[in-house]
Structure formats: structure tokens, C-alpha cells
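Content type CSV, C-alpha atoms, from the file final04.csv:
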```
chain,number,residue,atom,x,y,z
A,21,MET,CA,36.7,125.4,122.6
A,22,LYS,CA,37.1,121.7,122.5
A,23,ILE,CA,39.2,119.6,124.8
A,24,LEU,CA,40.9,117.0,122.7
A,25,ASN,CA,42.9,115.3,125.4
A,26,PRO,CA,42.5,116.3,129.0
A,27,ARG,CA,45.7,114.7,130.1
A,28,ASP,CA,48.3,114.4,127.4
A,29,LYS,CA,51.4,114.3,129.8
A,30,PHE,CA,52.3,114.8,133.4
A,31,LEU,CA,54.6,117.7,134.3
A,32,SER,CA,56.8,118.0,137.3
A,33,ASN,CA,57.0,121.2,139.3
A,34,TYR,CA,60.6,121.7,138.0
A,35,GLU,CA,59.5,121.7,134.4
A,36,VAL,CA,56.7,124.1,135.1
A,37,SER,CA,59.0,126.5,136.9
A,38,VAL,CA,61.5,126.4,134.0
A,39,HIS,CA,58.6,127.2,131.6
A,40,LEU,CA,57.5,130.1,133.8
A,41,ASN,CA,61.0,131.5,133.9
A,42,GLU,CA,61.1,131.4,130.1
A,43,ILE,CA,57.9,133.4,130.0
A,44,LYS,CA,59.3,135.9,132.5
A,45,LYS,CA,62.5,136.3,130.5
A,46,LYS,CA,60.6,136.6,127.2
A,47,ASN,CA,58.4,139.4,128.5
A,48,ASN,CA,61.0,141.1,130.7
A,49,TRP,CA,59.0,140.6,133.9
A,50,THR,CA,60.3,141.0,137.4
A,51,PHE,CA,58.2,140.8,140.4
A,52,LYS,CA,60.6,141.6,143.2
A,53,PRO,CA,62.8,144.7,143.5
A,54,ASP,CA,65.9,142.6,144.3
A,55,GLU,CA,65.5,140.2,141.4
A,56,ASP,CA,68.0,139.8,138.7
A,57,THR,CA,67.4,142.9,136.6
A,58,SER,CA,70.1,142.4,134.0
A,59,PHE,CA,67.6,141.9,131.2
A,60,SER,CA,64.7,144.1,132.4
A,61,LYS,CA,66.6,147.4,132.6
A,62,LYS,CA,67.2,147.7,128.9
A,63,LYS,CA,63.9,146.7,127.5
A,64,LYS,CA,60.3,147.5,128.5
A,65,ARG,CA,57.9,144.9,130.0
A,66,PHE,CA,55.7,143.3,127.4
A,67,THR,CA,52.1,143.1,128.4
A,68,ALA,CA,50.4,141.9,125.2
A,69,CYS,CA,49.6,138.5,126.7
A,70,GLY,CA,47.4,140.0,129.4
A,71,LEU,CA,47.4,140.6,133.1
A,72,ASP,CA,46.1,137.2,134.0
A,73,LEU,CA,49.3,135.5,132.8
A,74,GLU,CA,51.4,138.0,134.7
A,75,VAL,CA,49.4,137.3,137.9
A,76,ILE,CA,49.6,133.5,137.7
A,77,THR,CA,53.3,133.6,136.7
A,78,ARG,CA,54.0,135.8,139.8
A,79,ASP,CA,52.0,133.7,142.2
A,80,LEU,CA,53.0,130.3,140.9
A,81,SER,CA,56.7,131.0,140.7
A,82,SER,CA,56.7,132.5,144.2
A,83,TYR,CA,55.0,129.3,145.4
A,84,LEU,CA,57.4,127.0,143.5
A,85,ASN,CA,60.4,129.0,144.7
A,86,SER,CA,59.4,128.3,148.3
A,87,SER,CA,58.6,124.7,147.7
A,88,PRO,CA,61.1,121.9,148.2
A,89,CYS,CA,61.7,121.4,144.5
A,90,SER,CA,63.4,124.8,144.2
A,91,VAL,CA,66.7,123.2,145.1
A,92,ILE,CA,66.8,121.6,141.7
A,93,LYS,CA,69.1,123.8,139.7
A,94,ASP,CA,70.0,121.9,136.6
A,95,PRO,CA,68.4,119.2,134.4
A,96,ASP,CA,71.3,116.8,134.9
A,97,SER,CA,70.8,116.1,138.6
A,98,PHE,CA,67.0,115.9,137.9
A,99,THR,CA,67.4,113.2,135.3
A,100,GLU,CA,69.9,111.4,137.5
A,101,LEU,CA,67.3,111.3,140.3
A,102,LEU,CA,64.7,110.0,137.9
A,103,LYS,CA,67.0,107.3,136.6
A,104,PHE,CA,67.8,106.2,140.1
A,105,LEU,CA,64.1,106.0,141.0
A,106,ASN,CA,63.4,103.9,137.9
A,107,GLU,CA,65.4,101.1,139.5
A,108,PHE,CA,62.5,100.6,142.0
A,109,ASP,CA,59.0,99.4,141.3
A,110,LEU,CA,57.4,102.7,141.8
A,111,MET,CA,54.3,104.0,140.0
A,112,LYS,CA,54.7,107.0,137.7
A,113,ILE,CA,52.7,109.4,139.9
A,114,GLU,CA,54.7,108.2,142.9
A,115,LYS,CA,57.9,109.0,141.2
A,116,LEU,CA,56.5,112.4,140.2
A,117,GLN,CA,55.5,113.1,143.8
A,118,ILE,CA,59.0,112.2,145.1
A,119,VAL,CA,60.5,114.5,142.5
A,120,ASN,CA,58.1,117.3,143.4
A,121,SER,CA,58.4,117.1,147.2
A,122,LEU,CA,61.9,115.7,147.6
A,123,PRO,CA,61.2,113.9,150.9
A,124,ARG,CA,64.0,114.0,153.4
A,125,THR,CA,62.4,112.1,156.2
A,126,MET,CA,60.9,108.6,156.4
A,127,VAL,CA,57.4,110.0,157.3
A,128,CYS,CA,57.3,112.2,154.2
A,129,LEU,CA,58.3,109.4,151.9
A,130,TYR,CA,55.8,107.0,153.5
A,131,ALA,CA,53.1,109.6,153.0
A,132,VAL,CA,53.8,110.0,149.3
A,133,VAL,CA,54.2,106.4,148.4
A,134,GLU,CA,51.2,104.2,149.2
A,135,GLU,CA,51.9,101.2,151.4
A,136,PHE,CA,55.6,101.7,151.4
A,137,ASP,CA,56.3,99.4,154.3
A,138,SER,CA,54.7,96.4,152.7
A,139,ARG,CA,56.1,97.0,149.2
A,140,PHE,CA,59.7,98.0,150.1
A,141,ASP,CA,62.1,97.4,152.9
A,142,GLU,CA,63.8,100.1,155.0
A,143,ASP,CA,67.0,99.8,153.0
A,144,THR,CA,65.2,101.2,149.9
A,145,CYS,CA,63.8,104.1,152.0
A,146,ASP,CA,67.3,105.0,153.2
A,147,LYS,CA,68.7,104.7,149.7
A,148,ILE,CA,66.1,107.1,148.2
A,149,ILE,CA,66.5,109.6,151.0
A,150,GLY,CA,70.3,109.3,150.8
A,151,LYS,CA,70.3,109.9,147.1
A,152,ILE,CA,68.1,113.0,147.4
A,153,ASN,CA,70.4,114.4,150.1
A,154,GLU,CA,73.4,113.6,148.0
A,155,LEU,CA,72.1,115.2,144.8
A,156,PHE,CA,70.4,118.2,146.5
A,157,PRO,CA,72.2,119.0,149.7
A,158,VAL,CA,70.3,121.4,151.9
A,159,GLU,CA,71.4,123.5,154.8
A,160,GLY,CA,69.3,123.7,157.9
A,161,ALA,CA,68.7,127.4,157.6
A,162,ASN,CA,67.3,127.2,154.1
A,163,GLU,CA,63.8,126.2,155.1
A,164,GLU,CA,63.2,129.1,157.4
A,165,GLU,CA,64.4,131.5,154.9
A,166,GLY,CA,62.0,130.2,152.3
A,167,GLU,CA,59.0,130.5,154.6
A,168,GLU,CA,59.9,134.1,155.5
A,169,GLU,CA,60.2,135.0,151.9
A,170,GLY,CA,56.7,133.7,151.2
A,171,LYS,CA,55.2,135.8,154.0
A,172,PHE,CA,57.1,138.9,152.8
A,173,GLU,CA,55.7,138.4,149.4
A,174,ASP,CA,52.1,138.2,150.7
A,175,ALA,CA,52.5,141.5,152.5
A,176,GLU,CA,53.9,143.1,149.4
A,177,ASP,CA,51.2,141.8,147.1
A,178,THR,CA,48.2,143.3,148.8
A,179,PRO,CA,48.7,147.0,147.9
A,180,MET,CA,49.6,146.0,144.3
A,181,GLU,CA,46.3,144.3,143.7
A,182,GLY,CA,44.1,146.9,145.3
B,16,MET,CA,50.4,118.3,140.1
B,17,PHE,CA,50.6,119.8,136.6
B,18,ILE,CA,49.4,118.2,133.5
B,19,LEU,CA,49.5,119.1,129.8
B,20,SER,CA,46.1,119.3,128.1
B,21,GLU,CA,45.4,119.4,124.4
B,22,ILE,CA,42.7,121.9,123.4
B,23,SER,CA,41.5,123.2,120.1
B,24,ASP,CA,39.9,126.6,119.8
B,25,LEU,CA,39.0,129.3,117.3
B,26,VAL,CA,41.1,132.4,118.0
B,27,ARG,CA,40.2,135.9,117.0
B,28,ILE,CA,43.3,137.8,115.8
B,29,PRO,CA,42.6,141.5,115.9
B,30,PRO,CA,43.8,143.6,112.9
B,31,HIS,CA,46.4,145.6,114.9
B,32,THR,CA,48.4,142.5,115.6
B,33,PHE,CA,48.7,141.4,112.0
B,34,ASN,CA,52.2,142.6,111.9
B,35,ILE,CA,53.6,140.3,114.5
B,36,PRO,CA,54.5,136.6,113.9
B,37,ILE,CA,51.3,134.5,113.9
B,38,LYS,CA,52.6,132.1,116.6
B,39,GLU,CA,53.4,134.8,119.0
B,40,CYS,CA,50.1,136.5,118.3
B,41,ILE,CA,48.1,133.3,118.9
B,42,THR,CA,50.0,132.6,122.1
B,43,ASN,CA,49.2,136.1,123.4
B,44,GLU,CA,45.5,135.8,122.5
B,45,LEU,CA,45.3,132.3,124.1
B,46,SER,CA,47.0,133.6,127.3
B,47,LYS,CA,44.5,136.4,127.6
B,48,LYS,CA,41.7,133.9,127.3
B,49,TYR,CA,43.0,131.0,129.4
B,50,ALA,CA,45.7,132.0,131.8
B,51,ASN,CA,44.7,131.9,135.5
B,52,LYS,CA,41.2,130.6,134.5
B,53,VAL,CA,39.4,127.5,135.6
B,54,VAL,CA,38.1,125.3,132.8
B,55,SER,CA,35.3,123.2,134.1
B,56,ASN,CA,36.3,119.6,134.8
B,57,LEU,CA,39.8,120.3,133.5
B,58,GLY,CA,41.5,122.4,136.2
B,59,LEU,CA,43.3,125.7,136.6
B,60,VAL,CA,45.0,126.7,133.4
B,61,VAL,CA,48.4,128.2,134.0
B,62,ALA,CA,50.0,129.0,130.6
B,63,VAL,CA,50.2,127.9,127.0
B,64,TRP,CA,52.9,125.2,126.6
B,65,ASP,CA,53.2,125.0,122.8
B,66,ILE,CA,51.1,125.3,119.7
B,67,LEU,CA,50.6,122.2,117.7
B,68,ASP,CA,48.6,123.2,114.7
B,69,ILE,CA,47.5,126.5,113.0
B,70,LYS,CA,44.8,126.3,110.3
B,71,ASP,CA,44.2,128.9,107.7
B,72,GLY,CA,42.5,132.1,108.8
B,73,LEU,CA,38.9,132.7,108.2
B,74,LEU,CA,37.0,136.0,107.8
B,75,LYS,CA,33.6,137.1,109.0
B,76,PRO,CA,31.6,139.8,107.2
B,77,GLY,CA,31.7,143.0,109.2
B,78,ASP,CA,34.8,142.2,111.2
B,79,GLY,CA,38.3,143.1,110.3
B,80,ALA,CA,39.8,140.4,112.4
B,81,ALA,CA,41.0,137.0,111.3
B,82,PHE,CA,39.7,133.8,112.9
B,83,VAL,CA,42.2,131.0,113.1
B,84,GLU,CA,41.5,127.4,114.2
B,85,THR,CA,44.4,126.3,116.5
B,86,LYS,CA,45.4,123.2,118.4
B,87,PHE,CA,47.6,123.8,121.4
B,88,ARG,CA,48.7,122.3,124.7
B,89,CYS,CA,48.6,124.2,128.0
B,90,VAL,CA,49.8,123.6,131.5
B,91,VAL,CA,46.9,122.8,133.8
B,92,TRP,CA,47.1,122.5,137.6
B,93,LYS,CA,44.9,119.7,138.7
B,94,PRO,CA,45.8,117.7,141.7
B,95,PHE,CA,44.7,114.1,141.7
B,96,ILE,CA,42.8,112.4,144.5
B,97,GLY,CA,45.3,111.2,147.0
B,98,GLU,CA,48.0,113.7,146.1
B,99,ILE,CA,50.0,115.2,149.0
B,100,LEU,CA,50.4,119.0,148.9
B,101,THR,CA,51.6,121.8,151.2
B,102,GLY,CA,50.0,125.2,151.7
B,103,TRP,CA,49.4,127.8,154.4
B,104,VAL,CA,46.5,128.0,156.8
B,105,SER,CA,44.4,131.1,155.9
B,106,GLU,CA,41.3,130.6,158.1
B,107,CYS,CA,40.4,128.5,161.1
B,108,THR,CA,36.7,128.1,161.9
B,109,SER,CA,34.7,125.5,163.8
B,110,ASP,CA,33.8,123.9,160.5
B,111,GLY,CA,37.4,123.3,159.5
B,112,VAL,CA,40.5,124.9,158.1
B,113,LYS,CA,40.9,126.8,154.9
B,114,VAL,CA,44.2,126.5,153.2
B,115,LYS,CA,45.8,128.8,150.6
B,116,MET,CA,48.6,128.0,148.1
B,117,GLU,CA,49.4,131.6,146.9
B,118,PHE,CA,48.1,130.9,143.4
B,119,PHE,CA,45.1,128.9,144.5
B,120,ASP,CA,43.0,129.6,147.7
B,121,GLU,CA,40.0,127.3,147.5
B,122,ILE,CA,41.2,124.4,149.6
B,123,PHE,CA,39.1,123.4,152.6
B,124,ILE,CA,39.7,120.7,155.2
B,125,PRO,CA,36.4,119.9,156.9
B,126,LYS,CA,36.3,119.0,160.5
B,127,ASN,CA,35.5,115.3,159.9
B,128,TYR,CA,38.6,114.9,157.8
B,129,PHE,CA,41.0,115.6,160.7
B,130,PHE,CA,42.9,113.3,162.9
B,131,GLU,CA,41.1,111.6,165.7
B,132,ASN,CA,41.2,113.6,169.0
B,133,CYS,CA,41.2,116.9,167.0
B,134,SER,CA,39.1,119.7,168.4
B,135,PHE,CA,38.5,123.4,167.7
B,136,ARG,CA,39.4,125.9,170.4
B,137,PRO,CA,37.3,129.1,170.0
B,138,GLU,CA,39.4,131.1,172.5
B,139,ASP,CA,42.6,130.5,170.4
B,140,LYS,CA,40.8,130.3,167.1
B,141,ALA,CA,42.9,127.3,166.3
B,142,TRP,CA,42.5,123.5,165.8
B,143,VAL,CA,44.3,121.3,168.3
B,144,TRP,CA,45.4,117.8,167.8
B,145,ALA,CA,46.1,115.7,170.9
B,146,PRO,CA,48.0,112.6,169.7
B,147,ASP,CA,48.3,111.4,173.3
B,148,ASP,CA,47.2,112.7,176.7
B,149,GLU,CA,50.2,115.0,177.3
B,150,THR,CA,50.9,116.6,174.0
B,151,GLU,CA,48.9,119.3,172.3
B,152,LEU,CA,49.7,120.3,168.7
B,153,PHE,CA,48.2,123.5,167.4
B,154,ILE,CA,47.2,124.3,163.8
B,155,ASP,CA,47.5,128.1,163.7
B,156,LEU,CA,47.0,130.7,161.1
B,157,ASN,CA,49.8,131.0,158.5
B,158,GLU,CA,51.2,127.7,159.5
B,159,LYS,CA,52.7,125.5,156.8
B,160,ILE,CA,50.4,122.5,156.5
B,161,ARG,CA,50.6,119.3,154.5
B,162,PHE,CA,47.3,117.6,153.4
B,163,ARG,CA,45.9,115.0,151.1
B,164,ILE,CA,43.4,115.8,148.4
B,165,GLU,CA,40.1,114.0,148.8
B,166,GLU,CA,37.6,115.5,146.5
B,167,GLU,CA,37.4,118.1,143.7
B,168,ILE,CA,34.3,120.2,143.1
B,169,PHE,CA,33.7,122.0,139.9
B,170,VAL,CA,30.8,124.4,139.7
B,171,ASN,CA,29.5,125.8,136.4
B,172,ILE,CA,29.1,129.5,137.1
B,173,LYS,CA,27.1,131.7,134.7
B,174,PRO,CA,27.4,135.5,134.7
B,175,LYS,CA,24.5,137.1,136.5
B,176,SER,CA,24.0,140.0,134.1
B,177,SER,CA,25.0,140.8,130.5
B,178,ALA,CA,27.3,143.5,131.8
B,179,GLU,CA,29.2,141.0,133.9
B,180,ALA,CA,29.4,138.7,130.9
B,181,VAL,CA,31.5,141.2,129.0
B,182,GLY,CA,33.6,142.0,132.0
B,183,LEU,CA,32.0,145.3,133.0
B,184,GLY,CA,30.4,144.2,136.3
B,185,GLN,CA,31.3,146.0,139.4
B,186,GLU,CA,33.3,143.6,141.7
B,187,ASP,CA,33.1,144.9,145.2
B,188,GLU,CA,34.3,143.0,148.2
B,189,GLU,CA,30.9,141.7,149.3
B,190,ASN,CA,30.1,140.4,145.8
B,191,LYS,CA,33.4,138.5,145.8
B,192,LYS,CA,32.7,136.8,149.1
B,193,ASP,CA,29.3,135.5,148.1
B,194,LYS,CA,30.6,134.0,144.9
B,195,ILE,CA,31.0,130.3,144.7
B,196,PRO,CA,34.4,129.3,143.5
B,197,PRO,CA,34.3,127.5,140.1
B,198,TYR,CA,36.9,125.0,141.4
B,199,ALA,CA,37.4,123.9,145.0
B,200,LEU,CA,39.2,121.1,146.7
B,201,LEU,CA,38.4,119.2,149.8
B,202,ALA,CA,41.4,117.9,151.7
B,203,SER,CA,42.1,115.7,154.7
B,204,CYS,CA,44.7,115.4,157.5
B,205,GLN,CA,44.4,111.9,158.8
B,206,THR,CA,47.6,109.9,158.2
B,207,ASP,CA,51.1,110.2,159.4
B,208,GLY,CA,53.0,113.0,157.9
B,209,MET,CA,50.0,115.2,157.4
B,210,GLY,CA,49.2,118.4,159.4
B,211,CYS,CA,51.7,121.1,160.1
B,212,VAL,CA,55.1,120.5,158.4
B,213,SER,CA,57.0,121.4,161.5
B,214,TRP,CA,55.5,118.5,163.5
B,215,TRP,CA,57.2,115.9,161.4
B,216,ASP,CA,60.7,117.4,161.0
```
Hey, can you dump this file as C-alpha cells for me?
Amino acid sequence: MKILNPRDKFLSNYEVSVHLNEIKKKNNWTFKPDEDTSFSKKKKRFTACGLDLEVITRDLSSYLNSSPCSVIKDPDSFTELLKFLNEFDLMKIEKLQIVNSLPRTMVCLYAVVEEFDSRFDEDTCDKIIGKINELFPVEGANEEEGEEEGKFEDAEDTPMEG
Amino acid sequence: MFILSEISDLVRIPPHTFNIPIKECITNELSKKYANKVVSNLGLVVAVWDILDIKDGLLKPGDGAAFVETKFRCVVWKPFIGEILTGWVSECTSDGVKVKMEFFDEIFIPKNYFFENCSFRPEDKAWVWAPDDETELFIDLNEKIRFRIEEEIFVNIKPKSSAEAVGLGQEDEENKKDKIPPYALLASCQTDGMGCVSWWD
């Protein structure tokens, strides 16, 4: 094994979750009983790529589904947000973090972007949060649901692994 | 944060997979080797992203398999220093708080990386932050917590016996606990927005 380039490109959480869904679809994997089973009923699960890939796909997609970036549903709104962020003088990793965590409050945005208050004014902050809320509207109940789902998963996983 | 890493490796293709397309076969073999594994100083490999180059297969005397030199890219999870992440509290001790992220559990927030006026309460088994004299904020088990990555620790772990090296070692609970994780992260909760997510909403 030789590592040619440890960091060829950055990936956003959204891109990773799309890639994982492709893997799941290709192998007919489902990890929850209530998941969309339209494709898994007909064909058998493929396991040639090993158990480890299955484990990490299950755990990572369940984490990504409960994270803020799960509200991104299509590539169009994703690119629109990135184009909007390009207008500002933000570092690449800062843009990446905004796309990953989709901050909806000032505190969250200030935490992600270093020295936000000296580099930008409050208008910019409002604009960014406004754009996020416009592109990816979220209902108040959503967050609680996500958390509960995560816990439910944990409880389910234990017997499977043992 | 996820990155794409470019790696080259010699892949052994077992004879019984000669009938399936080479690309698929190599992806499967690479997944078996790399998925959900920590590569030292690189990070946690998640999955193969794409295959860039496949060289001609080589043979070894006494082995029916083909050996193919491949160049590929894979998705690696490696947070950078200063990245803000969220996870769930899995353990509270007087030394600090352990955080899990479903797919990665080795995140630790040591006691000196907390807010000022933070203290551990043994009777509640929880960390308490007192931002002012009247308020008390608890960091409890299973609470969603936001933290900043401060340090990454890679440990090169060698198998203890030859049986373990080929994957035959008995892995009981006690053994697992004693093991040093190959990749661990130190995190902090010191600035605004860190700590339990519910505090800041």
C-alpha cells in the first residue's frame, strides 16, 4: 500500500451520503424494517464486498441522516447555496462547514467561521442564515424526531452485533 | 469532514471471482481490506470512491490468484484541527467526557478543555457548567453535544500473536476494553456555541 495523495479533494457530508446510498442500492442493503424496500424484495443482498463496508455504511448513513445536512434533498439547492456563499470572502473549509452543519442561529455560524464579527457585519450573517432557511425550510418538530430516531437505532443495533 | 485520498495497492484477485468484471471485483477486494479501518496518519477509511488505474495482472508461482496493481481513491473521515462536530455523550467521568458519533467512538473531551466554572458532580455523574451564579447547565449521558477538534492521536498497533494477525484471535469484552484505539481525537468545549446543542437553540 502506498499513499499517493493523502488529500486529493474535500467532500461534503451530502456528497458522502449520496455515495453511500449508491452503495446501498447497488448491493440491495436495507438496515431498517421500515425502509424503502422496493428494490430489496426482488433481489438478494450482495455481500461480496465484506461485512465492514456494510457496518460503516449503516452507521455512517444513520449518523448523516440525523445530522443537519439531511435536509438537502437535491443537488440544485446544494449548488445554489454554494454559489451564494461564493459571493463572500470565506475560506474553502468554512464554506464546507456551513454546508455540512447548515447553521440557523448566529451562535452556530460564529462558531464555524473564525472571527466572524471582525471579518463580516451582521447583515452578512442574517443573509446567510436567511438563505439557508429559504432553501432548506425546517419545521420545529423535525429536530426532535431526528434525535429519537438515532436512539432507537442504537437500541436496535446492539443485539445484531452480538 | 471527509476527504478523498489517492492510494495505490497490489490487490489479490481470488480465482473464483475471475468471472465477474474486473472493476467490480477490485472494488470488492478493496472494500474488504479498507472499509471501516483506520489507516495510520490518514484517517478512517469509509468506502472506495473510484478506481483510477488498473495495471496488468501478475502471477505468483504456487498461487492461482492474480495480483493487480491498482490506483484508487477512497473516502476518508478525518476531521481537521478546529473543526466543529456534533456527537452524543457516552460516558461522564471525573477526567472528562467521552463522545460517540455512531460510526466513531474514540472522542474524548478532557477536563481542562472545558469552559471555565465547569465541574464534575459525582452524585449526578454529570458535568455542570455554571456560566453565572444562578444558572447551572448539565452535560448528561446521551445528550447531543457540539465540540471542537483539538488534537488527533494515531497509534500504530501491532497484533499480539500470529493468530491475531490472521484474524483468528479471540476477542472477548475485556480484551476489547484494554486495547488502545488506533485513532483517537481530543476535543474541547470552550467557546460560544459549544457544549450541549440544546443550550444554544
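For B:Tyr128, the set of protein, DNA and RNA residues having any atom at most 9 Å away, when counting all atoms listed in the file and skipping those fewer than 4 positions along the same chain, is Gly111, Ile124, Ala202, Ser203, Cys204 and Gln205 of chain B.
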- Item | Computed interatomic separation between atom CA of B:Glu138 and atom CA of B:Lys115 (Å) | 22.9 Å
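Our summary of the geometry notes that atom CA of B:Asp65 is positioned 21.7 Å from atom CA of A:Arg65.
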- Message: Based on all atoms listed in the file, which of the residues in chain B come within 6 Å of chain A? I want them as a VMD selection string.
- Response: chain B and resid 17 to 24 43 46 to 47 50 to 51 117 to 118 208
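Rounded to one decimal, atom CA of B:Leu201 and atom CA of B:Pro174 lie 24.8 Å from each other.
Residues in contact with B:Val83 at 10 Å, where all atoms listed in the file are counted and same-chain residues fewer than 6 positions away are skipped, are listed as Asp24, Leu25, Val26, Arg27, Ile28, Ile37, Ile41, Ile69, Lys70, Asp71, Gly72, Leu73 and Leu74 of chain B.
Closest approach to A:Asn41 among B:Glu106, B:Ala62, B:Thr42, B:Glu121 is made by B:Ala62 (distances from only C-alpha atoms).
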- Shortest contact to B:Leu100, candidates B:Asp78, B:Asp147, B:Asp155, B:Glu165, atoms counted only C-alpha atoms, goes to B:Glu165
- Skip stretch 166-171 of chain B itself and residues of its chain fewer than 4 positions away, then list as an NGL selection string all residues within 6 Å of it, counting all atoms listed in the file. :B and (197-201)
